[in-house]
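Next comes model18.cif, a file with mmCIF, N, CA, C and O atoms.
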```cif
data_run
loop_
_atom_site.label_atom_id
_atom_site.label_comp_id
_atom_site.auth_asym_id
_atom_site.auth_seq_id
_atom_site.Cartn_x
_atom_site.Cartn_y
_atom_site.Cartn_z
N MET N 46 -27.93 -13.21 40.04
CA MET N 46 -28.08 -13.37 38.61
C MET N 46 -29.56 -13.52 38.28
O MET N 46 -30.30 -14.15 39.03
N LYS N 47 -29.94 -12.95 37.20
CA LYS N 47 -31.30 -13.14 36.69
C LYS N 47 -31.27 -14.35 35.76
O LYS N 47 -31.12 -14.23 34.55
N GLU N 48 -31.40 -15.53 36.38
CA GLU N 48 -31.12 -16.77 35.67
C GLU N 48 -32.06 -17.02 34.48
O GLU N 48 -31.60 -17.40 33.40
N THR N 49 -33.34 -16.82 34.66
CA THR N 49 -34.28 -17.10 33.57
C THR N 49 -34.02 -16.20 32.37
O THR N 49 -33.97 -16.67 31.23
N GLU N 50 -33.83 -14.91 32.63
CA GLU N 50 -33.58 -13.97 31.54
C GLU N 50 -32.23 -14.24 30.87
O GLU N 50 -32.10 -14.12 29.66
N PHE N 51 -31.23 -14.62 31.69
CA PHE N 51 -29.92 -14.94 31.14
C PHE N 51 -30.00 -16.19 30.27
O PHE N 51 -29.40 -16.24 29.18
N ARG N 52 -30.76 -17.18 30.71
CA ARG N 52 -30.94 -18.39 29.92
C ARG N 52 -31.56 -18.04 28.56
O ARG N 52 -31.12 -18.53 27.52
N ASP N 53 -32.57 -17.18 28.56
CA ASP N 53 -33.20 -16.75 27.30
C ASP N 53 -32.19 -16.04 26.41
O ASP N 53 -32.16 -16.26 25.20
N PHE N 54 -31.37 -15.18 27.01
CA PHE N 54 -30.33 -14.47 26.27
C PHE N 54 -29.37 -15.47 25.62
O PHE N 54 -29.03 -15.34 24.43
N LEU N 55 -28.95 -16.46 26.37
CA LEU N 55 -28.02 -17.46 25.84
C LEU N 55 -28.65 -18.29 24.73
O LEU N 55 -28.00 -18.65 23.76
N GLN N 56 -29.95 -18.59 24.87
CA GLN N 56 -30.63 -19.37 23.84
C GLN N 56 -30.69 -18.62 22.52
O GLN N 56 -30.73 -19.24 21.45
N ASN N 57 -30.67 -17.31 22.57
CA ASN N 57 -30.73 -16.49 21.36
C ASN N 57 -29.34 -16.13 20.83
O ASN N 57 -29.23 -15.45 19.81
N ASP N 58 -28.30 -16.57 21.53
CA ASP N 58 -26.92 -16.29 21.11
C ASP N 58 -26.52 -17.29 20.02
O ASP N 58 -26.47 -18.50 20.26
N LYS N 59 -26.24 -16.79 18.84
CA LYS N 59 -25.90 -17.65 17.69
C LYS N 59 -24.62 -18.44 17.90
O LYS N 59 -24.41 -19.47 17.26
N SER N 60 -23.72 -17.97 18.78
CA SER N 60 -22.45 -18.67 19.00
C SER N 60 -22.59 -19.87 19.94
O SER N 60 -21.67 -20.67 20.06
N ILE N 61 -23.75 -20.01 20.58
CA ILE N 61 -23.98 -21.12 21.51
C ILE N 61 -24.86 -22.14 20.80
O ILE N 61 -25.96 -21.85 20.38
N LYS N 62 -24.33 -23.34 20.69
CA LYS N 62 -24.95 -24.35 19.83
C LYS N 62 -25.82 -25.38 20.53
O LYS N 62 -26.55 -26.11 19.88
N SER N 63 -25.76 -25.47 21.86
CA SER N 63 -26.50 -26.56 22.51
C SER N 63 -27.02 -26.14 23.89
O SER N 63 -26.53 -25.20 24.50
N ALA N 64 -27.99 -26.91 24.35
CA ALA N 64 -28.53 -26.69 25.69
C ALA N 64 -27.46 -26.97 26.74
O ALA N 64 -27.41 -26.30 27.78
N LYS N 65 -26.59 -27.93 26.47
CA LYS N 65 -25.50 -28.24 27.40
C LYS N 65 -24.57 -27.04 27.55
O LYS N 65 -24.10 -26.73 28.66
N ALA N 66 -24.29 -26.34 26.47
CA ALA N 66 -23.43 -25.15 26.52
C ALA N 66 -24.08 -24.04 27.33
O ALA N 66 -23.39 -23.32 28.06
N ILE N 67 -25.38 -23.92 27.23
CA ILE N 67 -26.11 -22.91 28.02
C ILE N 67 -26.00 -23.26 29.50
O ILE N 67 -25.67 -22.40 30.33
N GLU N 68 -26.28 -24.51 29.84
CA GLU N 68 -26.21 -24.95 31.24
C GLU N 68 -24.81 -24.78 31.80
O GLU N 68 -24.63 -24.37 32.95
N SER N 69 -23.82 -25.07 31.00
CA SER N 69 -22.43 -24.93 31.44
C SER N 69 -22.11 -23.49 31.81
O SER N 69 -21.48 -23.22 32.84
N ARG N 70 -22.55 -22.55 31.01
CA ARG N 70 -22.29 -21.14 31.30
C ARG N 70 -22.99 -20.69 32.58
O ARG N 70 -22.43 -19.94 33.37
N ILE N 71 -24.20 -21.18 32.79
CA ILE N 71 -24.93 -20.82 34.02
C ILE N 71 -24.23 -21.41 35.24
O ILE N 71 -24.05 -20.72 36.26
N VAL N 72 -23.81 -22.65 35.15
CA VAL N 72 -23.10 -23.30 36.27
C VAL N 72 -21.79 -22.56 36.55
O VAL N 72 -21.45 -22.30 37.72
N LYS N 73 -21.06 -22.21 35.52
CA LYS N 73 -19.78 -21.51 35.70
C LYS N 73 -20.00 -20.12 36.29
O LYS N 73 -19.19 -19.64 37.09
N LEU N 74 -21.08 -19.45 35.91
CA LEU N 74 -21.37 -18.13 36.48
C LEU N 74 -21.73 -18.26 37.96
O LEU N 74 -21.27 -17.45 38.78
N LYS N 75 -22.51 -19.27 38.30
CA LYS N 75 -22.83 -19.50 39.72
C LYS N 75 -21.56 -19.79 40.51
O LYS N 75 -21.40 -19.32 41.64
N ASP N 76 -20.68 -20.56 39.92
CA ASP N 76 -19.40 -20.86 40.56
C ASP N 76 -18.59 -19.57 40.78
O ASP N 76 -18.02 -19.36 41.85
N ALA N 77 -18.58 -18.71 39.78
CA ALA N 77 -17.88 -17.43 39.90
C ALA N 77 -18.48 -16.58 41.02
O ALA N 77 -17.76 -15.98 41.81
N GLU N 78 -19.81 -16.55 41.10
CA GLU N 78 -20.48 -15.80 42.17
C GLU N 78 -20.05 -16.34 43.54
O GLU N 78 -19.80 -15.56 44.47
N ASN N 79 -19.97 -17.66 43.66
CA ASN N 79 -19.57 -18.26 44.94
C ASN N 79 -18.13 -17.91 45.28
O ASN N 79 -17.82 -17.60 46.44
N ILE N 80 -17.25 -17.96 44.32
CA ILE N 80 -15.84 -17.62 44.55
C ILE N 80 -15.71 -16.16 44.99
O ILE N 80 -14.97 -15.84 45.92
N LEU N 81 -16.43 -15.29 44.31
CA LEU N 81 -16.32 -13.85 44.56
C LEU N 81 -17.18 -13.37 45.73
O LEU N 81 -17.02 -12.24 46.19
N CYS N 82 -18.10 -14.22 46.19
CA CYS N 82 -19.05 -13.85 47.25
C CYS N 82 -19.85 -12.62 46.86
O CYS N 82 -20.14 -11.75 47.71
N LEU N 83 -20.17 -12.53 45.58
CA LEU N 83 -20.96 -11.42 45.04
C LEU N 83 -21.94 -11.95 44.00
O LEU N 83 -21.65 -12.95 43.33
N ASP N 84 -23.05 -11.28 43.86
CA ASP N 84 -24.01 -11.61 42.81
C ASP N 84 -23.55 -10.98 41.50
O ASP N 84 -23.03 -9.86 41.49
N ALA N 85 -23.74 -11.71 40.41
CA ALA N 85 -23.34 -11.20 39.09
C ALA N 85 -24.01 -9.85 38.79
O ALA N 85 -23.40 -8.99 38.15
N GLU N 86 -25.23 -9.67 39.25
CA GLU N 86 -25.93 -8.40 39.03
C GLU N 86 -25.13 -7.23 39.59
O GLU N 86 -25.03 -6.18 38.97
N GLU N 87 -24.59 -7.40 40.78
CA GLU N 87 -23.79 -6.35 41.41
C GLU N 87 -22.49 -6.12 40.64
O GLU N 87 -22.09 -4.98 40.40
N ILE N 88 -21.86 -7.19 40.25
CA ILE N 88 -20.56 -7.09 39.58
C ILE N 88 -20.66 -6.30 38.29
O ILE N 88 -19.85 -5.41 38.03
N VAL N 89 -21.64 -6.63 37.46
CA VAL N 89 -21.71 -6.02 36.12
C VAL N 89 -22.21 -4.58 36.12
O VAL N 89 -22.17 -3.92 35.09
N GLN N 90 -22.61 -4.07 37.26
CA GLN N 90 -23.03 -2.68 37.35
C GLN N 90 -21.86 -1.71 37.46
O GLN N 90 -22.03 -0.51 37.26
N SER N 91 -20.68 -2.22 37.78
CA SER N 91 -19.50 -1.38 37.95
C SER N 91 -18.35 -1.95 37.12
O SER N 91 -17.93 -3.09 37.34
N ASP N 92 -17.85 -1.16 36.18
CA ASP N 92 -16.73 -1.62 35.36
C ASP N 92 -15.49 -1.90 36.22
O ASP N 92 -14.76 -2.85 35.96
N ASP N 93 -15.25 -1.09 37.23
CA ASP N 93 -14.10 -1.33 38.10
C ASP N 93 -14.25 -2.64 38.86
O ASP N 93 -13.29 -3.42 38.98
N LEU N 94 -15.46 -2.92 39.36
CA LEU N 94 -15.70 -4.18 40.06
C LEU N 94 -15.61 -5.36 39.09
O LEU N 94 -15.09 -6.42 39.44
N MET N 95 -16.07 -5.17 37.88
CA MET N 95 -15.96 -6.21 36.86
C MET N 95 -14.49 -6.52 36.60
O MET N 95 -14.08 -7.68 36.57
N PHE N 96 -13.67 -5.51 36.44
CA PHE N 96 -12.24 -5.67 36.22
C PHE N 96 -11.59 -6.44 37.38
O PHE N 96 -10.86 -7.41 37.16
N GLU N 97 -11.89 -6.02 38.60
CA GLU N 97 -11.34 -6.68 39.78
C GLU N 97 -11.80 -8.13 39.87
O GLU N 97 -11.01 -9.02 40.20
N SER N 98 -13.05 -8.37 39.55
CA SER N 98 -13.61 -9.73 39.61
C SER N 98 -12.96 -10.65 38.59
O SER N 98 -12.62 -11.80 38.91
N LEU N 99 -12.77 -10.17 37.39
CA LEU N 99 -12.11 -10.98 36.35
C LEU N 99 -10.69 -11.33 36.76
O LEU N 99 -10.23 -12.46 36.55
N ASN N 100 -9.99 -10.38 37.36
CA ASN N 100 -8.63 -10.65 37.82
C ASN N 100 -8.61 -11.68 38.95
O ASN N 100 -7.75 -12.56 38.98
N LYS N 101 -9.57 -11.60 39.87
CA LYS N 101 -9.65 -12.58 40.95
C LYS N 101 -9.98 -13.96 40.40
O LYS N 101 -9.43 -14.96 40.87
N LEU N 102 -10.85 -14.02 39.42
CA LEU N 102 -11.23 -15.32 38.86
C LEU N 102 -10.07 -15.99 38.14
O LEU N 102 -10.01 -17.22 38.09
N LYS N 103 -9.15 -15.20 37.61
CA LYS N 103 -7.98 -15.79 36.94
C LYS N 103 -7.24 -16.75 37.86
O LYS N 103 -6.70 -17.75 37.43
N LEU N 104 -7.22 -16.44 39.14
CA LEU N 104 -6.52 -17.27 40.13
C LEU N 104 -7.23 -18.59 40.39
O LEU N 104 -6.63 -19.51 40.95
N HIS N 105 -8.50 -18.69 40.00
CA HIS N 105 -9.31 -19.87 40.30
C HIS N 105 -9.65 -20.70 39.06
O HIS N 105 -10.39 -21.67 39.18
N GLU N 106 -9.13 -20.32 37.92
CA GLU N 106 -9.44 -21.07 36.70
C GLU N 106 -8.67 -22.38 36.70
O GLU N 106 -7.48 -22.41 37.02
N ASP N 107 -9.36 -23.45 36.32
CA ASP N 107 -8.71 -24.75 36.28
C ASP N 107 -8.25 -25.13 34.87
O ASP N 107 -7.68 -26.19 34.67
N THR N 108 -8.54 -24.27 33.92
CA THR N 108 -8.07 -24.49 32.54
C THR N 108 -7.56 -23.16 31.99
O THR N 108 -7.81 -22.10 32.55
N ALA N 109 -6.91 -23.23 30.87
CA ALA N 109 -6.42 -22.01 30.21
C ALA N 109 -7.54 -21.25 29.52
O ALA N 109 -7.33 -20.13 29.06
N HIS N 110 -8.73 -21.83 29.48
CA HIS N 110 -9.83 -21.21 28.74
C HIS N 110 -10.60 -20.15 29.52
O HIS N 110 -11.43 -19.44 28.95
N GLY N 111 -10.36 -20.01 30.79
CA GLY N 111 -11.03 -18.97 31.57
C GLY N 111 -12.54 -19.07 31.57
O GLY N 111 -13.23 -18.09 31.35
N VAL N 112 -13.07 -20.26 31.84
CA VAL N 112 -14.51 -20.49 31.69
C VAL N 112 -15.36 -19.65 32.65
O VAL N 112 -16.43 -19.18 32.26
N ARG N 113 -14.91 -19.43 33.86
CA ARG N 113 -15.67 -18.60 34.79
C ARG N 113 -15.64 -17.14 34.33
O ARG N 113 -16.64 -16.44 34.38
N GLN N 114 -14.46 -16.70 33.90
CA GLN N 114 -14.35 -15.34 33.37
C GLN N 114 -15.24 -15.16 32.15
O GLN N 114 -15.90 -14.12 32.00
N ASN N 115 -15.24 -16.15 31.27
CA ASN N 115 -16.06 -16.06 30.06
C ASN N 115 -17.55 -16.00 30.39
O ASN N 115 -18.30 -15.25 29.77
N ALA N 116 -17.98 -16.77 31.38
CA ALA N 116 -19.38 -16.75 31.79
C ALA N 116 -19.74 -15.37 32.36
O ALA N 116 -20.81 -14.82 32.05
N LEU N 117 -18.85 -14.80 33.16
CA LEU N 117 -19.11 -13.47 33.71
C LEU N 117 -19.11 -12.42 32.61
O LEU N 117 -19.93 -11.50 32.61
N ARG N 118 -18.23 -12.54 31.64
CA ARG N 118 -18.21 -11.62 30.50
C ARG N 118 -19.51 -11.71 29.69
O ARG N 118 -20.05 -10.71 29.24
N LYS N 119 -20.02 -12.92 29.53
CA LYS N 119 -21.27 -13.13 28.80
C LYS N 119 -22.42 -12.46 29.56
O LYS N 119 -23.29 -11.83 28.97
N TYR N 120 -22.40 -12.56 30.89
CA TYR N 120 -23.43 -11.92 31.70
C TYR N 120 -23.32 -10.40 31.60
O TYR N 120 -24.33 -9.70 31.53
N TYR N 121 -22.11 -9.89 31.58
CA TYR N 121 -21.89 -8.45 31.40
C TYR N 121 -22.52 -8.00 30.08
O TYR N 121 -23.21 -6.98 30.03
N ASN N 122 -22.30 -8.76 29.03
CA ASN N 122 -22.87 -8.44 27.73
C ASN N 122 -24.40 -8.47 27.80
O ASN N 122 -25.06 -7.58 27.25
N PHE N 123 -24.95 -9.46 28.46
CA PHE N 123 -26.39 -9.59 28.63
C PHE N 123 -26.99 -8.35 29.32
O PHE N 123 -27.98 -7.81 28.87
N ARG N 124 -26.37 -7.88 30.37
CA ARG N 124 -26.92 -6.77 31.14
C ARG N 124 -26.56 -5.39 30.59
O ARG N 124 -27.31 -4.44 30.78
N ASN N 125 -25.42 -5.27 29.92
CA ASN N 125 -24.95 -3.95 29.47
C ASN N 125 -24.98 -3.77 27.95
O ASN N 125 -24.66 -2.69 27.46
N HIS N 126 -25.32 -4.82 27.23
CA HIS N 126 -25.44 -4.77 25.76
C HIS N 126 -24.15 -4.35 25.07
O HIS N 126 -24.17 -3.69 24.05
N LYS N 127 -23.04 -4.76 25.67
CA LYS N 127 -21.72 -4.52 25.07
C LYS N 127 -20.74 -5.47 25.73
O LYS N 127 -20.99 -6.00 26.80
N ASP N 128 -19.62 -5.69 25.05
CA ASP N 128 -18.57 -6.55 25.60
C ASP N 128 -17.70 -5.75 26.56
O ASP N 128 -17.47 -4.56 26.36
N PHE N 129 -17.21 -6.44 27.59
CA PHE N 129 -16.23 -5.83 28.48
C PHE N 129 -14.88 -5.93 27.79
O PHE N 129 -14.55 -6.95 27.20
N PRO N 130 -14.06 -4.87 27.86
CA PRO N 130 -12.76 -4.91 27.15
C PRO N 130 -11.81 -5.97 27.73
O PRO N 130 -11.97 -6.42 28.86
N LYS N 131 -10.82 -6.33 26.94
CA LYS N 131 -9.77 -7.21 27.44
C LYS N 131 -9.14 -6.55 28.65
O LYS N 131 -9.05 -5.32 28.73
N LEU N 132 -8.67 -7.35 29.58
CA LEU N 132 -8.10 -6.80 30.82
C LEU N 132 -6.96 -5.86 30.55
O LEU N 132 -6.85 -4.81 31.20
N GLU N 133 -6.09 -6.19 29.59
CA GLU N 133 -4.95 -5.32 29.30
C GLU N 133 -5.37 -4.01 28.63
O GLU N 133 -4.61 -3.04 28.64
N ASP N 134 -6.59 -3.95 28.11
CA ASP N 134 -7.09 -2.74 27.46
C ASP N 134 -7.95 -1.88 28.38
O ASP N 134 -8.32 -0.77 28.03
N TYR N 135 -8.30 -2.43 29.56
CA TYR N 135 -9.18 -1.70 30.47
C TYR N 135 -8.43 -0.55 31.12
O TYR N 135 -7.33 -0.71 31.63
N LYS N 136 -9.05 0.61 31.12
CA LYS N 136 -8.49 1.80 31.76
C LYS N 136 -9.34 2.15 32.96
O LYS N 136 -10.52 2.41 32.84
N LYS N 137 -8.72 2.13 34.12
CA LYS N 137 -9.44 2.50 35.36
C LYS N 137 -9.64 3.99 35.43
O LYS N 137 -8.85 4.76 34.98
#
```
For the file at hand, write its structure as structure tokens.
Amino acid sequence: MKETEFRDFLQNDKSIKSAKAIESRIVKLKDAENILCLDAEEIVQSDDLMFESLNKLKLHEDTAHGVRQNALRKYYNFRNHKDFPKLEDYKK
């Protein structure tokens, strides 16, 4: 993950209201990288790998909010300048 650049991206995101929320997303993304044994940079370069990664993370979420998945989706948006589709809408 390009942590410094991602932090800057999050600071400019109008939907994120606090420094704590920024730190939380970074921690959750690092956690996702550890679970997947992959760097976020690698994941977001391939839509198929992104899809597979989001599905794997579903098995490791401790809440219904999908915080690790959301952090990875935010990183995808940061690197690709677009949102990743909902899993049920993704076409391989």
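Taking all atoms listed in the file into account, Glu78 of chain N lies nearest to N:Arg113 out of the set N:Ser91, N:Asp107, N:Arg113, N:Glu50.
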| Those of chain N in DSSP helix (DSSP H, G or I), formatted as an MDAnalysis selection string | chainID N and resid 48:56 64:81 85:88 92:103 112:125 132:134
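The gap separating atom CA of Met46 of chain N from atom C of Lys103 of chain N is 21.1 Å, in Å to one decimal.
Separating atom N of Ala85 of chain N from atom N of Lys47 of chain N is a distance of 7.1 Å.
Closest to Lys119 of chain N among N:Cys82, N:Leu102, N:Ala64, N:Ile71 is N:Ile71, based on only C-alpha atoms.
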| request: Would you please work out which residue, of N:Val89, N:Asn79, N:Glu106, N:Lys73, is nearest to Asn125 of chain N when using all atoms listed in the file? | output: N:Val89
| Between N:Lys136, N:His126, N:Arg52, N:Arg70, which has the minimum distance to Gly111 of chain N (counting only C-alpha atoms)? | N:Arg70
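Nearest residue to Gln114 of chain N among N:Lys75, N:Glu86, N:Thr49, N:Leu99 is N:Leu99, counting only N, CA, C and O atoms.
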| request: Could you jot down the atom CA of Ile67 of chain N to atom CA of Asp134 of chain N separation for me, Å, one decimal place? | output: 27.7 Å
Determine the axis-aligned bounding box of all atoms of segment 92-105 of chain N present in the file, pad each side by 5 Å, and express its centre and edge lengths in Å to one decimal place as JSON.
```
{"center_x": -12.2, "center_y": -11.4, "center_z": 38.2, "size_x": 21.3, "size_y": 30.6, "size_z": 15.6}
```
